[in-house]
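Notes for the one structure printed next.
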Amino acid sequence: MTATFDFASVRLADVSRHYGRRRALSHVSFEARSGDIVGLLGPNGAGKSTLIGLMASLIAPTSGSIRYGEHEARTLGAPLRARIGLLAHELHLYPELSARQNLTFFAELYGLDPHHIVDAALAGAGLTDRADDEVAGFSRGMRQRLALERALLHRPRLVLLDEPFTGLDDRAVTIVSDRVRRLAAEGAIVVLATHDLDLAEDLVTRIAVVRNGRLLSDDAAGSGLRARYRGMIGTP
């Protein structure tokens, strides 16, 4: 797959998403630009995963619009999805295959030559020495790092990460955090949902706080994130 479409921003305008009578998101508006690392914060059930699903074009808004550059999602289809990388709770790895085989499969799915990019992805995940081991024998943290590289094989413009630090030890957290910083430095738009406020404070450039499906804050990141978050959410 060759992607000719590109964009430097993603903009949500008055976006709502309803499931029957339940309002998962209500009237959310914000914009993320190339080089941003947006920390999507909020308690469980706040609407973070729904927001990521909307930006990934996996679900459509009930009302409002999402624009990638100057184009609405509904007009773009496959060229848009070719510019999005998603790491969700489901890691989309085949446990019976090796790390190398998993990455090769997904590279070929994107129409890429896996020869060089797979070795680079394995190195990025810190898994070169486990390249030919079955994923079934990997720890959660190892699978998480591999899945992140799987989501980045096609060099997406928009990178959506839903709790990317789950199951990671300190070394792996450093690997993933450094990878995210490099992505932003290279011009990607990174949006990550996390409950780890200490990690977020050291990593994100902006914060978007969601509670009960509503956006409470869309501000530049800075010190004292935990206190600011507590003031909005009312919890430690």
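Scheme for the structure tokens: letters A, B, ... for chains in order shown; per-chain residue numbers from 1; ligand numbers from 1 in order shown.
Within the 6 Å cut-off around region 33-41 of chain A, using only C-alpha atoms and omitting residues fewer than 3 positions from it on the same chain, the listed residues are Ala8, Ser9, Ala184, Ala185, Gly187, Ala188, Ile189, Val190, Val191, Leu192, Ala193, Val204, Thr205, Arg206, Ile207, Ala208 and Val209 of chain A.
By chain and then residue number, the residues within 9 Å of Glu163 (chain A) are Leu87, Ala88, His89, Leu192, Ala193, Thr194, His195 and Asp196 of chain A, counting only C-alpha atoms and disregarding those fewer than 5 positions away in sequence.
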Kindly save the residues from that selection, with N, CA and C atoms included, as a compact mmCIF listing (two decimals), in the first residue's frame.
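What landed in part13.txt:
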# COMPACT_ATOMS: atom_id res chain seq x y z
N LEU A 87 -1.88 1.46 18.73
CA LEU A 87 -1.58 0.44 19.74
C LEU A 87 -2.73 0.46 20.74
N ALA A 88 -3.57 -0.56 20.70
CA ALA A 88 -4.74 -0.64 21.57
C ALA A 88 -4.51 -1.69 22.65
N HIS A 89 -5.54 -1.94 23.44
CA HIS A 89 -5.43 -2.96 24.48
C HIS A 89 -5.16 -4.34 23.87
N LEU A 192 -1.52 9.76 23.40
CA LEU A 192 -1.43 8.57 24.24
C LEU A 192 -2.32 8.71 25.47
N ALA A 193 -3.07 7.66 25.72
CA ALA A 193 -3.89 7.58 26.94
C ALA A 193 -3.09 6.85 28.00
N THR A 194 -3.04 7.42 29.18
CA THR A 194 -2.30 6.79 30.26
C THR A 194 -2.88 7.18 31.61
N HIS A 195 -2.73 6.27 32.59
CA HIS A 195 -3.07 6.58 33.97
C HIS A 195 -1.84 6.99 34.78
N ASP A 196 -0.66 6.85 34.18
CA ASP A 196 0.57 7.12 34.91
C ASP A 196 0.93 8.60 34.78
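Of note, CA of Ser63 (chain A) and CA of Ser26 (chain A) are spaced 9.1 Å apart.
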Name the residues of region 144-236 of chain A that come out as alpha helix (DSSP H) in a backbone DSSP run; write them as a short mmCIF file (atom, residue, chain, number, x, y, z; two decimals) with all heavy atoms, in the first residue's frame.
data_model
loop_
_atom_site.label_atom_id
_atom_site.label_comp_id
_atom_site.auth_asym_id
_atom_site.auth_seq_id
_atom_site.Cartn_x
_atom_site.Cartn_y
_atom_site.Cartn_z
N GLN A 144 4.25 -5.93 24.48
CA GLN A 144 3.84 -4.53 24.32
C GLN A 144 4.84 -3.77 23.45
O GLN A 144 4.46 -3.01 22.56
CB GLN A 144 3.75 -3.89 25.71
CG GLN A 144 3.14 -2.50 25.72
CD GLN A 144 1.64 -2.52 25.85
OE1 GLN A 144 1.00 -3.56 25.72
NE2 GLN A 144 1.05 -1.37 26.10
N ARG A 145 6.13 -3.98 23.69
CA ARG A 145 7.14 -3.30 22.88
C ARG A 145 7.10 -3.76 21.43
O ARG A 145 7.25 -2.96 20.49
CB ARG A 145 8.52 -3.56 23.49
CG ARG A 145 8.79 -2.71 24.72
CD ARG A 145 9.70 -3.40 25.73
NE ARG A 145 10.87 -4.02 25.17
CZ ARG A 145 11.57 -4.98 25.79
NH1 ARG A 145 11.21 -5.39 27.00
NH2 ARG A 145 12.64 -5.50 25.23
N LEU A 146 6.89 -5.06 21.22
CA LEU A 146 6.80 -5.58 19.86
C LEU A 146 5.58 -5.02 19.15
O LEU A 146 5.65 -4.63 17.98
CB LEU A 146 6.73 -7.11 19.90
CG LEU A 146 6.64 -7.82 18.55
CD1 LEU A 146 7.89 -7.57 17.72
CD2 LEU A 146 6.42 -9.32 18.75
N ALA A 147 4.45 -4.94 19.86
CA ALA A 147 3.23 -4.41 19.25
C ALA A 147 3.38 -2.94 18.89
O ALA A 147 2.82 -2.48 17.88
CB ALA A 147 2.05 -4.62 20.20
N LEU A 148 4.11 -2.20 19.70
CA LEU A 148 4.34 -0.79 19.36
C LEU A 148 5.10 -0.69 18.04
O LEU A 148 4.72 0.10 17.16
CB LEU A 148 5.12 -0.11 20.48
CG LEU A 148 5.57 1.33 20.19
CD1 LEU A 148 4.37 2.23 19.90
CD2 LEU A 148 6.40 1.88 21.35
N GLU A 149 6.15 -1.48 17.88
CA GLU A 149 6.90 -1.44 16.62
C GLU A 149 6.04 -1.93 15.46
O GLU A 149 6.17 -1.42 14.34
CB GLU A 149 8.18 -2.26 16.74
CG GLU A 149 9.19 -1.68 17.70
CD GLU A 149 9.63 -0.28 17.35
OE1 GLU A 149 9.71 0.04 16.14
OE2 GLU A 149 9.88 0.51 18.28
N ARG A 150 5.18 -2.90 15.72
CA ARG A 150 4.24 -3.34 14.68
C ARG A 150 3.37 -2.17 14.21
O ARG A 150 3.11 -2.01 13.02
CB ARG A 150 3.38 -4.47 15.25
CG ARG A 150 2.39 -5.12 14.28
CD ARG A 150 1.03 -4.50 14.31
NE ARG A 150 0.49 -4.41 15.65
CZ ARG A 150 -0.46 -3.55 15.99
NH1 ARG A 150 -0.95 -2.69 15.13
NH2 ARG A 150 -0.92 -3.53 17.24
N ALA A 151 2.95 -1.32 15.14
CA ALA A 151 2.09 -0.19 14.81
C ALA A 151 2.83 0.93 14.08
O ALA A 151 2.20 1.82 13.51
CB ALA A 151 1.45 0.36 16.08
N LEU A 152 4.17 0.88 14.10
CA LEU A 152 4.97 1.97 13.53
C LEU A 152 5.69 1.59 12.23
O LEU A 152 6.39 2.41 11.65
CB LEU A 152 6.01 2.43 14.55
CG LEU A 152 5.46 2.94 15.89
CD1 LEU A 152 6.61 3.31 16.82
CD2 LEU A 152 4.52 4.12 15.69
N ASP A 170 10.98 -0.76 34.26
CA ASP A 170 11.59 0.56 34.11
C ASP A 170 12.39 0.68 32.82
O ASP A 170 12.35 1.73 32.14
CB ASP A 170 12.49 0.87 35.31
CG ASP A 170 11.70 1.11 36.59
OD1 ASP A 170 10.47 1.35 36.49
OD2 ASP A 170 12.30 1.06 37.68
N ARG A 171 13.13 -0.37 32.47
CA ARG A 171 13.93 -0.32 31.24
C ARG A 171 13.03 -0.18 30.02
O ARG A 171 13.31 0.63 29.12
CB ARG A 171 14.79 -1.58 31.12
CG ARG A 171 15.56 -1.68 29.80
CD ARG A 171 16.43 -2.93 29.76
NE ARG A 171 17.02 -3.12 28.44
CZ ARG A 171 16.45 -3.78 27.45
NH1 ARG A 171 15.24 -4.32 27.63
NH2 ARG A 171 17.06 -3.92 26.28
N ALA A 172 11.96 -0.95 29.99
CA ALA A 172 11.05 -0.90 28.85
C ALA A 172 10.32 0.44 28.77
O ALA A 172 10.07 0.96 27.68
CB ALA A 172 10.05 -2.04 28.93
N VAL A 173 9.98 1.01 29.93
CA VAL A 173 9.35 2.34 29.95
C VAL A 173 10.28 3.36 29.30
O VAL A 173 9.84 4.21 28.52
CB VAL A 173 8.99 2.75 31.39
CG1 VAL A 173 8.68 4.25 31.46
CG2 VAL A 173 7.80 1.95 31.89
N THR A 174 11.56 3.28 29.61
CA THR A 174 12.53 4.19 29.02
C THR A 174 12.61 4.00 27.52
O THR A 174 12.65 4.98 26.75
CB THR A 174 13.92 3.97 29.65
OG1 THR A 174 13.84 4.26 31.06
CG2 THR A 174 14.95 4.89 29.02
N ILE A 175 12.62 2.74 27.06
CA ILE A 175 12.67 2.44 25.62
C ILE A 175 11.46 3.04 24.91
O ILE A 175 11.59 3.71 23.87
CB ILE A 175 12.74 0.92 25.39
CG1 ILE A 175 14.09 0.37 25.84
CG2 ILE A 175 12.51 0.60 23.90
CD1 ILE A 175 14.16 -1.16 25.81
N VAL A 176 10.28 2.81 25.47
CA VAL A 176 9.05 3.30 24.82
C VAL A 176 8.98 4.82 24.87
O VAL A 176 8.62 5.46 23.88
CB VAL A 176 7.82 2.66 25.48
CG1 VAL A 176 6.53 3.30 24.97
CG2 VAL A 176 7.78 1.15 25.21
N SER A 177 9.34 5.41 26.01
CA SER A 177 9.30 6.87 26.12
C SER A 177 10.24 7.52 25.12
O SER A 177 9.89 8.51 24.45
CB SER A 177 9.65 7.30 27.54
OG SER A 177 8.71 6.83 28.48
N ASP A 178 11.45 6.99 25.01
CA ASP A 178 12.41 7.54 24.04
C ASP A 178 11.90 7.38 22.61
O ASP A 178 12.09 8.28 21.77
CB ASP A 178 13.76 6.85 24.19
CG ASP A 178 14.49 7.25 25.46
OD1 ASP A 178 14.09 8.24 26.10
OD2 ASP A 178 15.48 6.57 25.82
N ARG A 179 11.24 6.27 22.35
CA ARG A 179 10.68 6.04 21.01
C ARG A 179 9.60 7.08 20.69
O ARG A 179 9.54 7.61 19.58
CB ARG A 179 10.09 4.63 20.94
CG ARG A 179 9.66 4.20 19.54
CD ARG A 179 10.87 3.93 18.68
NE ARG A 179 10.50 3.25 17.45
CZ ARG A 179 10.34 3.86 16.27
NH1 ARG A 179 10.52 5.16 16.18
NH2 ARG A 179 10.01 3.18 15.20
N VAL A 180 8.75 7.36 21.66
CA VAL A 180 7.69 8.35 21.47
C VAL A 180 8.29 9.74 21.21
O VAL A 180 7.84 10.48 20.33
CB VAL A 180 6.75 8.37 22.69
CG1 VAL A 180 5.82 9.58 22.65
CG2 VAL A 180 5.93 7.08 22.74
N ARG A 181 9.32 10.09 21.96
CA ARG A 181 9.96 11.39 21.74
C ARG A 181 10.55 11.49 20.34
O ARG A 181 10.48 12.54 19.69
CB ARG A 181 11.05 11.62 22.80
CG ARG A 181 10.50 11.84 24.21
CD ARG A 181 11.62 12.22 25.18
NE ARG A 181 11.13 12.33 26.54
CZ ARG A 181 11.21 11.36 27.45
NH1 ARG A 181 11.79 10.19 27.14
NH2 ARG A 181 10.73 11.54 28.66
N ARG A 182 11.16 10.40 19.87
CA ARG A 182 11.74 10.41 18.53
C ARG A 182 10.65 10.57 17.47
O ARG A 182 10.83 11.28 16.48
CB ARG A 182 12.54 9.13 18.26
CG ARG A 182 13.84 9.05 19.04
CD ARG A 182 14.81 8.06 18.41
NE ARG A 182 14.24 6.73 18.23
CZ ARG A 182 14.22 5.79 19.16
NH1 ARG A 182 14.72 6.04 20.37
NH2 ARG A 182 13.71 4.61 18.92
N LEU A 183 9.52 9.90 17.68
CA LEU A 183 8.42 10.01 16.73
C LEU A 183 7.96 11.46 16.60
O LEU A 183 7.77 11.96 15.50
CB LEU A 183 7.24 9.14 17.19
CG LEU A 183 7.40 7.64 17.06
CD1 LEU A 183 6.31 6.92 17.83
CD2 LEU A 183 7.36 7.23 15.59
N ALA A 184 7.78 12.12 17.74
CA ALA A 184 7.35 13.52 17.70
C ALA A 184 8.40 14.40 17.05
O ALA A 184 8.08 15.30 16.26
CB ALA A 184 7.04 13.99 19.12
N ALA A 185 9.68 14.15 17.36
CA ALA A 185 10.75 14.93 16.77
C ALA A 185 10.80 14.77 15.26
O ALA A 185 11.22 15.69 14.53
CB ALA A 185 12.09 14.54 17.39
N LEU A 197 0.54 9.39 35.77
CA LEU A 197 0.74 10.83 35.70
C LEU A 197 2.21 11.21 35.80
O LEU A 197 2.63 12.21 35.21
CB LEU A 197 -0.06 11.52 36.80
CG LEU A 197 -1.58 11.31 36.75
CD1 LEU A 197 -2.25 12.07 37.89
CD2 LEU A 197 -2.15 11.75 35.41
N ASP A 198 2.99 10.43 36.54
CA ASP A 198 4.42 10.74 36.64
C ASP A 198 5.10 10.57 35.29
O ASP A 198 5.92 11.41 34.88
CB ASP A 198 5.08 9.85 37.69
CG ASP A 198 4.57 10.14 39.10
OD1 ASP A 198 4.25 11.31 39.37
OD2 ASP A 198 4.49 9.20 39.91
N LEU A 199 4.78 9.51 34.57
CA LEU A 199 5.33 9.32 33.24
C LEU A 199 4.85 10.40 32.29
O LEU A 199 5.63 10.94 31.50
CB LEU A 199 4.93 7.94 32.69
CG LEU A 199 5.74 6.75 33.15
CD1 LEU A 199 5.12 5.46 32.66
CD2 LEU A 199 7.18 6.86 32.64
N ALA A 200 3.58 10.71 32.38
CA ALA A 200 3.02 11.73 31.48
C ALA A 200 3.70 13.07 31.68
O ALA A 200 4.01 13.78 30.71
CB ALA A 200 1.52 11.85 31.73
N GLU A 201 3.95 13.43 32.93
CA GLU A 201 4.55 14.74 33.21
C GLU A 201 5.91 14.88 32.56
O GLU A 201 6.29 15.97 32.11
CB GLU A 201 4.66 14.95 34.72
CG GLU A 201 5.15 16.34 35.10
CD GLU A 201 4.91 16.67 36.56
OE1 GLU A 201 4.64 15.74 37.35
OE2 GLU A 201 4.99 17.85 36.91
N ASP A 202 6.66 13.79 32.48
CA ASP A 202 8.01 13.84 31.89
C ASP A 202 8.01 13.66 30.38
O ASP A 202 9.06 13.83 29.74
CB ASP A 202 8.88 12.75 32.52
CG ASP A 202 9.21 13.03 33.98
OD1 ASP A 202 9.18 14.21 34.37
OD2 ASP A 202 9.47 12.06 34.72
N LEU A 203 6.85 13.31 29.80
CA LEU A 203 6.83 12.92 28.40
C LEU A 203 5.98 13.82 27.51
O LEU A 203 6.42 14.22 26.43
CB LEU A 203 6.32 11.48 28.28
CG LEU A 203 6.21 10.88 26.89
CD1 LEU A 203 7.58 10.84 26.21
CD2 LEU A 203 5.62 9.47 26.97
N LEU A 225 1.58 18.34 37.37
CA LEU A 225 0.49 17.70 36.64
C LEU A 225 -0.47 16.97 37.57
O LEU A 225 -1.69 17.06 37.42
CB LEU A 225 1.05 16.74 35.59
CG LEU A 225 0.03 15.92 34.80
CD1 LEU A 225 -0.96 16.82 34.08
CD2 LEU A 225 0.75 15.00 33.80
N ARG A 226 0.07 16.25 38.54
CA ARG A 226 -0.79 15.48 39.44
C ARG A 226 -1.77 16.40 40.20
O ARG A 226 -2.94 16.09 40.31
CB ARG A 226 0.05 14.66 40.42
CG ARG A 226 -0.77 13.75 41.33
CD ARG A 226 0.12 12.87 42.18
NE ARG A 226 0.87 11.92 41.37
CZ ARG A 226 0.37 10.77 40.94
NH1 ARG A 226 -0.87 10.43 41.22
NH2 ARG A 226 1.13 9.96 40.22
N ALA A 227 -1.26 17.52 40.68
CA ALA A 227 -2.12 18.45 41.42
C ALA A 227 -3.18 19.06 40.50
O ALA A 227 -4.35 19.22 40.90
CB ALA A 227 -1.28 19.55 42.05
N ARG A 228 -2.79 19.39 39.28
CA ARG A 228 -3.76 19.94 38.32
C ARG A 228 -4.83 18.92 37.99
O ARG A 228 -6.02 19.25 37.92
CB ARG A 228 -3.02 20.38 37.05
CG ARG A 228 -2.12 21.58 37.25
CD ARG A 228 -1.10 21.72 36.14
NE ARG A 228 -1.70 21.89 34.83
CZ ARG A 228 -1.03 21.77 33.69
NH1 ARG A 228 0.27 21.43 33.70
NH2 ARG A 228 -1.63 21.96 32.55
N TYR A 229 -4.40 17.69 37.77
CA TYR A 229 -5.34 16.61 37.47
C TYR A 229 -6.30 16.38 38.62
O TYR A 229 -7.51 16.25 38.44
CB TYR A 229 -4.57 15.34 37.13
CG TYR A 229 -5.43 14.14 36.82
CD1 TYR A 229 -5.99 13.99 35.56
CD2 TYR A 229 -5.68 13.15 37.76
CE1 TYR A 229 -6.77 12.90 35.25
CE2 TYR A 229 -6.46 12.06 37.48
CZ TYR A 229 -7.01 11.93 36.22
OH TYR A 229 -7.79 10.85 35.92
N ARG A 230 -5.75 16.34 39.84
CA ARG A 230 -6.58 16.12 41.01
C ARG A 230 -7.62 17.24 41.15
O ARG A 230 -8.77 17.00 41.54
CB ARG A 230 -5.71 16.05 42.27
CG ARG A 230 -6.48 15.69 43.54
CD ARG A 230 -5.59 15.79 44.78
NE ARG A 230 -4.41 14.94 44.67
CZ ARG A 230 -3.17 15.38 44.69
NH1 ARG A 230 -2.93 16.69 44.82
NH2 ARG A 230 -2.17 14.54 44.60
N GLY A 231 -7.23 18.45 40.84
CA GLY A 231 -8.16 19.56 40.94
C GLY A 231 -9.32 19.44 39.98
O GLY A 231 -10.43 19.88 40.28
N MET A 232 -9.07 18.82 38.81
CA MET A 232 -10.14 18.66 37.83
C MET A 232 -10.98 17.43 38.08
O MET A 232 -12.21 17.45 37.91
CB MET A 232 -9.53 18.60 36.42
CG MET A 232 -9.06 19.94 35.89
SD MET A 232 -8.38 19.82 34.22
CE MET A 232 -6.67 19.33 34.57
N ILE A 233 -10.32 16.33 38.45
CA ILE A 233 -11.01 15.05 38.61
C ILE A 233 -11.50 14.82 40.02
O ILE A 233 -12.50 14.15 40.27
CB ILE A 233 -10.10 13.89 38.15
CG1 ILE A 233 -9.72 14.09 36.69
CG2 ILE A 233 -10.77 12.54 38.34
CD1 ILE A 233 -10.86 14.05 35.72
#
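Across the model, the gap from CA of Ala46 (chain A) to CA of Ala13 (chain A) is 18.5 Å.
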Those in region 13-224 of chain A with strand (DSSP E or B) from DSSP, as a PyMOL selection string: chain A and resi 13-19+22-33+37-41+63-68+71-72+84-87+98+134+158-162+189-193+206-211+214-220
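Of the listed residues (A:His71, A:His115, A:Ser49, A:Ser98), A:Ser98 comes nearest to Ala136 (chain A); the distances count only C-alpha atoms.
Minimum distance to Asn102 (chain A) across A:Glu134, A:Glu72, A:Glu31, A:Glu90 (counting only C-alpha atoms) occurs at A:Glu134.
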